[in-house]
Each structure stands twice: as C-alpha cells, then as structure tokens.
$ cat coords-v8.cif   # mmCIF, C-alpha atoms and all ligand atoms; chains and numbers go by the auth columns
data_run
loop_
_atom_site.group_PDB
_atom_site.id
_atom_site.type_symbol
_atom_site.label_atom_id
_atom_site.label_comp_id
_atom_site.label_asym_id
_atom_site.label_seq_id
_atom_site.Cartn_x
_atom_site.Cartn_y
_atom_site.Cartn_z
_atom_site.B_iso_or_equiv
_atom_site.auth_seq_id
_atom_site.auth_asym_id
ATOM 1 C CA MET A 1 0.000 0.000 0.000 0.00 1 E
ATOM 2 C CA ALA A 2 1.382 3.309 -1.034 0.00 2 E
ATOM 3 C CA ASP A 3 2.075 5.852 1.677 0.00 3 E
ATOM 4 C CA TRP A 4 0.505 9.223 2.163 0.00 4 E
ATOM 5 C CA ILE A 5 2.788 11.953 0.821 0.00 5 E
ATOM 6 C CA PRO A 6 2.717 15.501 2.243 0.00 6 E
ATOM 7 C CA VAL A 7 2.149 17.967 -0.579 0.00 7 E
ATOM 8 C CA ALA A 8 1.106 21.348 0.794 0.00 8 E
ATOM 9 C CA ALA A 9 -0.336 23.281 3.661 0.00 9 E
ATOM 10 C CA ALA A 10 -4.109 23.410 3.367 0.00 10 E
ATOM 11 C CA SER A 11 -3.892 27.201 3.632 0.00 11 E
ATOM 12 C CA GLU A 12 -2.024 27.288 0.318 0.00 12 E
ATOM 13 C CA CYS A 13 -5.201 26.234 -1.486 0.00 13 E
ATOM 14 C CA PRO A 14 -8.156 28.320 -0.276 0.00 14 E
ATOM 15 C CA PRO A 15 -11.719 27.507 -1.395 0.00 15 E
ATOM 16 C CA GLY A 16 -12.261 28.194 -5.087 0.00 16 E
ATOM 17 C CA THR A 17 -8.607 27.767 -6.042 0.00 17 E
ATOM 18 C CA SER A 18 -6.251 25.113 -7.326 0.00 18 E
ATOM 19 C CA ILE A 19 -2.521 24.588 -6.958 0.00 19 E
ATOM 20 C CA GLU A 20 0.160 22.462 -8.526 0.00 20 E
ATOM 21 C CA ARG A 21 2.557 20.419 -6.396 0.00 21 E
ATOM 22 C CA VAL A 22 5.124 17.666 -6.821 0.00 22 E
ATOM 23 C CA ALA A 23 4.503 14.454 -4.868 0.00 23 E
ATOM 24 C CA GLY A 24 7.226 11.875 -5.259 0.00 24 E
ATOM 25 C CA ASP A 25 7.887 11.714 -8.983 0.00 25 E
ATOM 26 C CA ARG A 26 4.473 13.003 -9.964 0.00 26 E
ATOM 27 C CA ILE A 27 2.821 16.339 -10.512 0.00 27 E
ATOM 28 C CA VAL A 28 -0.501 16.710 -8.753 0.00 28 E
ATOM 29 C CA ALA A 29 -3.262 19.248 -9.222 0.00 29 E
ATOM 30 C CA ILE A 30 -5.083 20.036 -5.980 0.00 30 E
ATOM 31 C CA ALA A 31 -8.416 21.833 -5.997 0.00 31 E
ATOM 32 C CA ASN A 32 -10.468 23.172 -3.118 0.00 32 E
ATOM 33 C CA VAL A 33 -14.209 23.123 -3.804 0.00 33 E
ATOM 34 C CA ASP A 34 -16.036 24.783 -0.925 0.00 34 E
ATOM 35 C CA GLY A 35 -13.518 23.508 1.609 0.00 35 E
ATOM 36 C CA ARG A 36 -13.327 19.987 0.217 0.00 36 E
ATOM 37 C CA PHE A 37 -10.038 19.011 -1.391 0.00 37 E
ATOM 38 C CA HIS A 38 -9.635 16.990 -4.567 0.00 38 E
ATOM 39 C CA ALA A 39 -6.444 15.721 -6.187 0.00 39 E
ATOM 40 C CA LEU A 40 -5.895 14.664 -9.750 0.00 40 E
ATOM 41 C CA ASP A 41 -3.014 14.014 -12.042 0.00 41 E
ATOM 42 C CA GLY A 42 -1.392 17.359 -12.735 0.00 42 E
ATOM 43 C CA LEU A 43 -0.425 16.802 -16.363 0.00 43 E
ATOM 44 C CA CYS A 44 -3.196 17.558 -18.803 0.00 44 E
ATOM 45 C CA PRO A 45 -3.835 14.563 -21.098 0.00 45 E
ATOM 46 C CA HIS A 46 -4.054 16.877 -24.109 0.00 46 E
ATOM 47 C CA GLN A 47 -0.454 18.090 -24.340 0.00 47 E
ATOM 48 C CA GLY A 48 0.851 17.951 -20.787 0.00 48 E
ATOM 49 C CA GLY A 49 -0.289 21.368 -19.617 0.00 49 E
ATOM 50 C CA PRO A 50 -0.120 22.268 -15.905 0.00 50 E
ATOM 51 C CA LEU A 51 -3.680 21.589 -14.798 0.00 51 E
ATOM 52 C CA GLY A 52 -3.116 22.728 -11.218 0.00 52 E
ATOM 53 C CA THR A 53 -2.293 26.234 -12.388 0.00 53 E
ATOM 54 C CA GLY A 54 -5.579 26.512 -14.254 0.00 54 E
ATOM 55 C CA ALA A 55 -8.720 28.307 -13.166 0.00 55 E
ATOM 56 C CA LEU A 56 -11.238 26.553 -10.942 0.00 56 E
ATOM 57 C CA CYS A 57 -14.912 27.429 -11.359 0.00 57 E
ATOM 58 C CA GLY A 58 -17.198 25.336 -9.211 0.00 58 E
ATOM 59 C CA THR A 59 -15.939 21.805 -9.776 0.00 59 E
ATOM 60 C CA LEU A 60 -14.521 22.560 -13.233 0.00 60 E
ATOM 61 C CA LEU A 61 -10.770 23.008 -13.608 0.00 61 E
ATOM 62 C CA THR A 62 -9.646 24.575 -16.878 0.00 62 E
ATOM 63 C CA CYS A 63 -6.218 23.806 -18.310 0.00 63 E
ATOM 64 C CA PRO A 64 -4.374 27.090 -18.888 0.00 64 E
ATOM 65 C CA TRP A 65 -2.848 25.966 -22.182 0.00 65 E
ATOM 66 C CA HIS A 66 -5.821 25.181 -24.442 0.00 66 E
ATOM 67 C CA GLY A 67 -8.845 25.191 -22.200 0.00 67 E
ATOM 68 C CA TRP A 68 -9.691 21.544 -21.698 0.00 68 E
ATOM 69 C CA GLN A 69 -11.957 21.296 -18.670 0.00 69 E
ATOM 70 C CA PHE A 70 -12.174 18.549 -16.059 0.00 70 E
ATOM 71 C CA ASP A 71 -14.561 17.930 -13.196 0.00 71 E
ATOM 72 C CA VAL A 72 -12.237 17.614 -10.202 0.00 72 E
ATOM 73 C CA THR A 73 -14.721 15.381 -8.374 0.00 73 E
ATOM 74 C CA THR A 74 -14.817 12.720 -11.103 0.00 74 E
ATOM 75 C CA GLY A 75 -11.846 13.430 -13.367 0.00 75 E
ATOM 76 C CA ARG A 76 -14.178 13.502 -16.364 0.00 76 E
ATOM 77 C CA HIS A 77 -13.532 15.792 -19.292 0.00 77 E
ATOM 78 C CA ARG A 78 -16.367 18.262 -19.658 0.00 78 E
ATOM 79 C CA ILE A 79 -17.170 17.329 -23.244 0.00 79 E
ATOM 80 C CA SER A 80 -15.539 14.017 -24.129 0.00 80 E
ATOM 81 C CA ALA A 81 -16.804 11.053 -22.117 0.00 81 E
ATOM 82 C CA THR A 82 -13.779 9.016 -23.183 0.00 82 E
ATOM 83 C CA VAL A 83 -11.257 11.369 -21.547 0.00 83 E
ATOM 84 C CA ARG A 84 -10.842 11.034 -17.812 0.00 84 E
ATOM 85 C CA GLN A 85 -8.074 12.380 -15.625 0.00 85 E
ATOM 86 C CA VAL A 86 -6.766 10.079 -12.882 0.00 86 E
ATOM 87 C CA LEU A 87 -7.894 11.064 -9.398 0.00 87 E
ATOM 88 C CA HIS A 88 -5.795 10.560 -6.285 0.00 88 E
ATOM 89 C CA GLU A 89 -6.763 10.225 -2.666 0.00 89 E
ATOM 90 C CA ILE A 90 -6.235 13.362 -0.629 0.00 90 E
ATOM 91 C CA ARG A 91 -6.735 14.125 3.034 0.00 91 E
ATOM 92 C CA GLU A 92 -6.061 16.950 5.432 0.00 92 E
ATOM 93 C CA GLN A 93 -4.515 16.453 8.836 0.00 93 E
ATOM 94 C CA ASP A 94 -3.449 19.245 11.180 0.00 94 E
ATOM 95 C CA GLY A 95 -3.487 21.770 8.357 0.00 95 E
ATOM 96 C CA GLN A 96 -1.360 19.616 6.063 0.00 96 E
ATOM 97 C CA LEU A 97 -2.525 18.008 2.814 0.00 97 E
ATOM 98 C CA PHE A 98 -1.441 14.468 1.948 0.00 98 E
ATOM 99 C CA VAL A 99 -1.991 12.503 -1.239 0.00 99 E
ATOM 100 C CA ARG A 100 -1.837 8.795 -1.901 0.00 100 E
ATOM 101 C CA PHE A 101 -1.529 7.095 -5.247 0.00 101 E
ATOM 102 C CA GLY A 102 -3.774 4.077 -5.443 0.00 102 E
ATOM 103 C CA ASP A 103 -3.019 2.824 -8.931 0.00 103 E
ATOM 104 C CA PRO A 104 -0.867 -0.263 -9.479 0.00 104 E
ATOM 105 C CA GLY A 105 1.979 1.787 -10.947 0.00 105 E
ATOM 106 C CA ALA A 106 2.446 3.758 -7.740 0.00 106 E
ATOM 107 C CA GLY A 107 4.903 1.308 -6.266 0.00 107 E
ATOM 108 C CA ALA A 108 2.963 -0.053 -3.312 0.00 108 E
HETATM 109 S S1 LIG B . -2.436 20.928 -22.675 0.00 201 E
HETATM 110 FE FE1 LIG B . -4.258 21.128 -21.529 0.00 201 E
HETATM 111 S S2 LIG B . -5.725 21.785 -22.939 0.00 201 E
HETATM 112 FE FE2 LIG B . -3.919 21.506 -24.106 0.00 201 E
#

$ encode --input "coords-v8.cif" --output "structure tokens" --more "lines below"
Ligand code: FES
Amino acid sequence: MADWIPVAAASECPPGTSIERVAGDRIVAIANVDGRFHALDGLCPHQGGPLGTGALCGTLLTCPWHGWQFDVTTGRHRISATVRQVLHEIREQDGQLFVRFGDPGAGA
C-alpha cells in the first residue's frame, strides 16, 4: 500500500482555487471546492499542460494551455466522455494536505 505523501499546507489552497505540487515523482493538481479538497493528475492529457495552475470554477478546472476542462470530483472531461483524468486520494490532517496514489503503478 502506497504511503501518504505531504504535498502542501491546506492554507495554500483556499476555497475556489487550485494549486500544482510535486509528490514523489508526480505532478498533482489540488483543488479546493467549498472547503473539500480533490487531487488529480497534474499533467493535462491533451499536451501535458499544468492543470493545477488553471482556473477553478465550481468543480470545473480549466487547463491554462488550451482550455480543456475537467470535473475535479470525477476526473471527467467536460465534453468528451472518453477522456478522464486520474484522481488521487487526498486528506487533510493538522493543516497539512497528503496525497496517496492508489493505482498499481504507484509502487505499493
Ligand atoms: S495541454 Fe491542456 S488543454 Fe492543451
């Protein structure tokens, strides 16, 4: 089982914003929707844009490079049902955010 990796202080990602952080050898986009945190793979599947630096509107995160939009609660692309961004587990403890990679390639 992969370990929880500290990625940021919760205060770095206020409600309605997203941030980009490195966790292990991965880039993670973290979004705060009304005080609830969500984590997804930080590299946009279109051309590798930095999703975490995009604009968050509600649950939709917009890639800053070409505007692809993802629902941070499901990972689904707004338009194409076949495109889905990988979600990661995220939790807050004592003001610190931790992520955990649950996929088989995470090196359990
Ligand atoms: S790289 Fe994200 S929309 Fe193109």

$ closest_atom_pairs --input "coords-v8.cif" --of "chain E" --to "ligand LIG 201 (chain E)" --cutoff "9 Å" --atoms "only C-alpha atoms and all ligand atoms" --output "JSON lines"
{"residue": "E:Leu43", "atom": "CA", "partner": "E:LIG201", "partner_atom": "FE1", "distance": 7.8}
{"residue": "E:Cys44", "atom": "CA", "partner": "E:LIG201", "partner_atom": "FE1", "distance": 4.6}
{"residue": "E:Pro45", "atom": "CA", "partner": "E:LIG201", "partner_atom": "FE1", "distance": 6.6}
{"residue": "E:His46", "atom": "CA", "partner": "E:LIG201", "partner_atom": "S1", "distance": 4.6}
{"residue": "E:Gln47", "atom": "CA", "partner": "E:LIG201", "partner_atom": "S1", "distance": 3.8}
{"residue": "E:Gly48", "atom": "CA", "partner": "E:LIG201", "partner_atom": "S1", "distance": 4.8}
{"residue": "E:Gly49", "atom": "CA", "partner": "E:LIG201", "partner_atom": "S1", "distance": 3.8}
{"residue": "E:Pro50", "atom": "CA", "partner": "E:LIG201", "partner_atom": "FE1", "distance": 7.1}
{"residue": "E:Leu51", "atom": "CA", "partner": "E:LIG201", "partner_atom": "FE1", "distance": 6.8}
{"residue": "E:Thr62", "atom": "CA", "partner": "E:LIG201", "partner_atom": "S2", "distance": 7.7}
{"residue": "E:Cys63", "atom": "CA", "partner": "E:LIG201", "partner_atom": "FE1", "distance": 4.6}
{"residue": "E:Pro64", "atom": "CA", "partner": "E:LIG201", "partner_atom": "FE1", "distance": 6.5}
{"residue": "E:Trp65", "atom": "CA", "partner": "E:LIG201", "partner_atom": "FE2", "distance": 5.0}
{"residue": "E:His66", "atom": "CA", "partner": "E:LIG201", "partner_atom": "S2", "distance": 3.7}
{"residue": "E:Gly67", "atom": "CA", "partner": "E:LIG201", "partner_atom": "S2", "distance": 4.7}
{"residue": "E:Trp68", "atom": "CA", "partner": "E:LIG201", "partner_atom": "S2", "distance": 4.2}
{"residue": "E:Gln69", "atom": "CA", "partner": "E:LIG201", "partner_atom": "S2", "distance": 7.6}

$ write_last_selection --input "coords-v8.cif" --atoms "C-alpha atoms" --output "PDB file, in the coordinates of the input"
ATOM      1  CA  LEU E  43      -0.425  16.802 -16.363  1.00  0.00           C
ATOM      2  CA  CYS E  44      -3.196  17.558 -18.803  1.00  0.00           C
ATOM      3  CA  PRO E  45      -3.835  14.563 -21.098  1.00  0.00           C
ATOM      4  CA  HIS E  46      -4.054  16.877 -24.109  1.00  0.00           C
ATOM      5  CA  GLN E  47      -0.454  18.090 -24.340  1.00  0.00           C
ATOM      6  CA  GLY E  48       0.851  17.951 -20.787  1.00  0.00           C
ATOM      7  CA  GLY E  49      -0.289  21.368 -19.617  1.00  0.00           C
ATOM      8  CA  PRO E  50      -0.120  22.268 -15.905  1.00  0.00           C
ATOM      9  CA  LEU E  51      -3.680  21.589 -14.798  1.00  0.00           C
ATOM     10  CA  THR E  62      -9.646  24.575 -16.878  1.00  0.00           C
ATOM     11  CA  CYS E  63      -6.218  23.806 -18.310  1.00  0.00           C
ATOM     12  CA  PRO E  64      -4.374  27.090 -18.888  1.00  0.00           C
ATOM     13  CA  TRP E  65      -2.848  25.966 -22.182  1.00  0.00           C
ATOM     14  CA  HIS E  66      -5.821  25.181 -24.442  1.00  0.00           C
ATOM     15  CA  GLY E  67      -8.845  25.191 -22.200  1.00  0.00           C
ATOM     16  CA  TRP E  68      -9.691  21.544 -21.698  1.00  0.00           C
ATOM     17  CA  GLN E  69     -11.957  21.296 -18.670  1.00  0.00           C
TER      18      GLN E  69
END

$ residues_near_point --input "coords-v8.cif" --point "(5.7, 15.6, -7.0)" --cutoff "12 Å" --atoms "all atoms listed in the file" --output "PyMOL selection string"
chain E and resi 5-8+20-30+40-43+98-101

$ atom_distance --input "coords-v8.cif" --atom1 "CA of Asn32 (chain E)" --atom2 "CA of Thr82 (chain E)"
24.8 Å

$ resolve_selection --input "coords-v8.cif" --expression "the PyMOL selection byres (((chain E and resi 59) around 7) and not hetatm)" --output "ChimeraX atom specification"
/E:33,56-58,60-61,71-73

$ residues_near_point --input "coords-v8.cif" --point "(-6.4, 23.4, -0.3)" --cutoff "8 Å" --atoms "all atoms listed in the file" --output "compact mmCIF listing (two decimals) with C-alpha atoms, in the coordinates of the input"
# COMPACT_ATOMS: atom_id res chain seq x y z
CA ALA E 8 1.11 21.35 0.79
CA ALA E 9 -0.34 23.28 3.66
CA ALA E 10 -4.11 23.41 3.37
CA SER E 11 -3.89 27.20 3.63
CA GLU E 12 -2.02 27.29 0.32
CA CYS E 13 -5.20 26.23 -1.49
CA PRO E 14 -8.16 28.32 -0.28
CA PRO E 15 -11.72 27.51 -1.40
CA THR E 17 -8.61 27.77 -6.04
CA SER E 18 -6.25 25.11 -7.33
CA ILE E 19 -2.52 24.59 -6.96
CA ILE E 30 -5.08 20.04 -5.98
CA ALA E 31 -8.42 21.83 -6.00
CA ASN E 32 -10.47 23.17 -3.12
CA GLY E 35 -13.52 23.51 1.61
CA ARG E 36 -13.33 19.99 0.22
CA PHE E 37 -10.04 19.01 -1.39
CA LEU E 97 -2.52 18.01 2.81

$ atom_distance --input "coords-v8.cif" --atom1 "CA of Gln93 (chain E)" --atom2 "CA of His77 (chain E)"
29.5 Å

$ atom_distance --input "coords-v8.cif" --atom1 "CA of Arg91 (chain E)" --atom2 "CA of Arg78 (chain E)"
25.0 Å

$ closest_residue --input "coords-v8.cif" --among "E:Asp94, E:Asp3, E:Gly52, E:Ser80" --to "Ala39 (chain E)" --atoms "all atoms listed in the file"
E:Gly52

$ closest_residue --input "coords-v8.cif" --among "E:Trp4, E:His38, E:Gly16, E:Gly95" --to "Gly75 (chain E)" --atoms "all atoms listed in the file"
E:His38

$ decode --input "coords-v8.cif" --residues "region 56-77 of chain E" --atoms "N, CA and C atoms" --output "PDB file, in the first residue's frame"
ATOM      1  N   LEU E  56     -10.194  27.418 -11.478  1.00  0.00           N
ATOM      2  CA  LEU E  56     -11.238  26.553 -10.942  1.00  0.00           C
ATOM      3  C   LEU E  56     -12.532  27.351 -10.850  1.00  0.00           C
ATOM      4  N   CYS E  57     -13.596  26.794 -11.434  1.00  0.00           N
ATOM      5  CA  CYS E  57     -14.912  27.429 -11.359  1.00  0.00           C
ATOM      6  C   CYS E  57     -15.905  26.343 -10.942  1.00  0.00           C
ATOM      7  N   GLY E  58     -16.376  26.422  -9.728  1.00  0.00           N
ATOM      8  CA  GLY E  58     -17.198  25.336  -9.211  1.00  0.00           C
ATOM      9  C   GLY E  58     -16.334  24.097  -9.094  1.00  0.00           C
ATOM     10  N   THR E  59     -16.756  23.028  -9.779  1.00  0.00           N
ATOM     11  CA  THR E  59     -15.939  21.805  -9.776  1.00  0.00           C
ATOM     12  C   THR E  59     -15.141  21.654 -11.070  1.00  0.00           C
ATOM     13  N   LEU E  60     -15.215  22.652 -11.948  1.00  0.00           N
ATOM     14  CA  LEU E  60     -14.521  22.560 -13.233  1.00  0.00           C
ATOM     15  C   LEU E  60     -13.159  23.239 -13.190  1.00  0.00           C
ATOM     16  N   LEU E  61     -12.132  22.478 -13.537  1.00  0.00           N
ATOM     17  CA  LEU E  61     -10.770  23.008 -13.608  1.00  0.00           C
ATOM     18  C   LEU E  61     -10.390  23.121 -15.077  1.00  0.00           C
ATOM     19  N   THR E  62      -9.961  24.308 -15.480  1.00  0.00           N
ATOM     20  CA  THR E  62      -9.646  24.575 -16.878  1.00  0.00           C
ATOM     21  C   THR E  62      -8.137  24.622 -17.091  1.00  0.00           C
ATOM     22  N   CYS E  63      -7.646  23.799 -17.995  1.00  0.00           N
ATOM     23  CA  CYS E  63      -6.218  23.806 -18.310  1.00  0.00           C
ATOM     24  C   CYS E  63      -5.836  25.162 -18.903  1.00  0.00           C
ATOM     25  N   PRO E  64      -4.756  25.749 -18.421  1.00  0.00           N
ATOM     26  CA  PRO E  64      -4.374  27.090 -18.888  1.00  0.00           C
ATOM     27  C   PRO E  64      -3.816  27.111 -20.308  1.00  0.00           C
ATOM     28  N   TRP E  65      -3.465  25.951 -20.853  1.00  0.00           N
ATOM     29  CA  TRP E  65      -2.848  25.966 -22.182  1.00  0.00           C
ATOM     30  C   TRP E  65      -3.870  26.057 -23.307  1.00  0.00           C
ATOM     31  N   HIS E  66      -4.859  25.167 -23.330  1.00  0.00           N
ATOM     32  CA  HIS E  66      -5.821  25.181 -24.442  1.00  0.00           C
ATOM     33  C   HIS E  66      -7.264  25.052 -23.985  1.00  0.00           C
ATOM     34  N   GLY E  67      -7.477  25.104 -22.690  1.00  0.00           N
ATOM     35  CA  GLY E  67      -8.845  25.191 -22.200  1.00  0.00           C
ATOM     36  C   GLY E  67      -9.613  23.903 -21.978  1.00  0.00           C
ATOM     37  N   TRP E  68      -8.950  22.762 -22.031  1.00  0.00           N
ATOM     38  CA  TRP E  68      -9.691  21.544 -21.698  1.00  0.00           C
ATOM     39  C   TRP E  68     -10.161  21.663 -20.251  1.00  0.00           C
ATOM     40  N   GLN E  69     -11.373  21.156 -19.999  1.00  0.00           N
ATOM     41  CA  GLN E  69     -11.957  21.296 -18.670  1.00  0.00           C
ATOM     42  C   GLN E  69     -12.274  19.930 -18.063  1.00  0.00           C
ATOM     43  N   PHE E  70     -11.967  19.812 -16.778  1.00  0.00           N
ATOM     44  CA  PHE E  70     -12.174  18.549 -16.059  1.00  0.00           C
ATOM     45  C   PHE E  70     -12.951  18.812 -14.780  1.00  0.00           C
ATOM     46  N   ASP E  71     -13.870  17.884 -14.480  1.00  0.00           N
ATOM     47  CA  ASP E  71     -14.561  17.930 -13.196  1.00  0.00           C
ATOM     48  C   ASP E  71     -13.624  17.319 -12.159  1.00  0.00           C
ATOM     49  N   VAL E  72     -13.232  18.102 -11.170  1.00  0.00           N
ATOM     50  CA  VAL E  72     -12.237  17.614 -10.202  1.00  0.00           C
ATOM     51  C   VAL E  72     -12.810  16.554  -9.269  1.00  0.00           C
ATOM     52  N   THR E  73     -14.125  16.390  -9.252  1.00  0.00           N
ATOM     53  CA  THR E  73     -14.721  15.381  -8.374  1.00  0.00           C
ATOM     54  C   THR E  73     -14.789  14.005  -9.039  1.00  0.00           C
ATOM     55  N   THR E  74     -14.718  13.988 -10.367  1.00  0.00           N
ATOM     56  CA  THR E  74     -14.817  12.720 -11.103  1.00  0.00           C
ATOM     57  C   THR E  74     -13.633  12.483 -12.037  1.00  0.00           C
ATOM     58  N   GLY E  75     -12.925  13.529 -12.396  1.00  0.00           N
ATOM     59  CA  GLY E  75     -11.846  13.430 -13.367  1.00  0.00           C
ATOM     60  C   GLY E  75     -12.321  13.491 -14.803  1.00  0.00           C
ATOM     61  N   ARG E  76     -13.633  13.546 -15.008  1.00  0.00           N
ATOM     62  CA  ARG E  76     -14.178  13.502 -16.364  1.00  0.00           C
ATOM     63  C   ARG E  76     -13.965  14.809 -17.111  1.00  0.00           C
ATOM     64  N   HIS E  77     -13.610  14.652 -18.388  1.00  0.00           N
ATOM     65  CA  HIS E  77     -13.532  15.792 -19.292  1.00  0.00           C
ATOM     66  C   HIS E  77     -14.939  16.346 -19.475  1.00  0.00           C
TER      67      HIS E  77
END
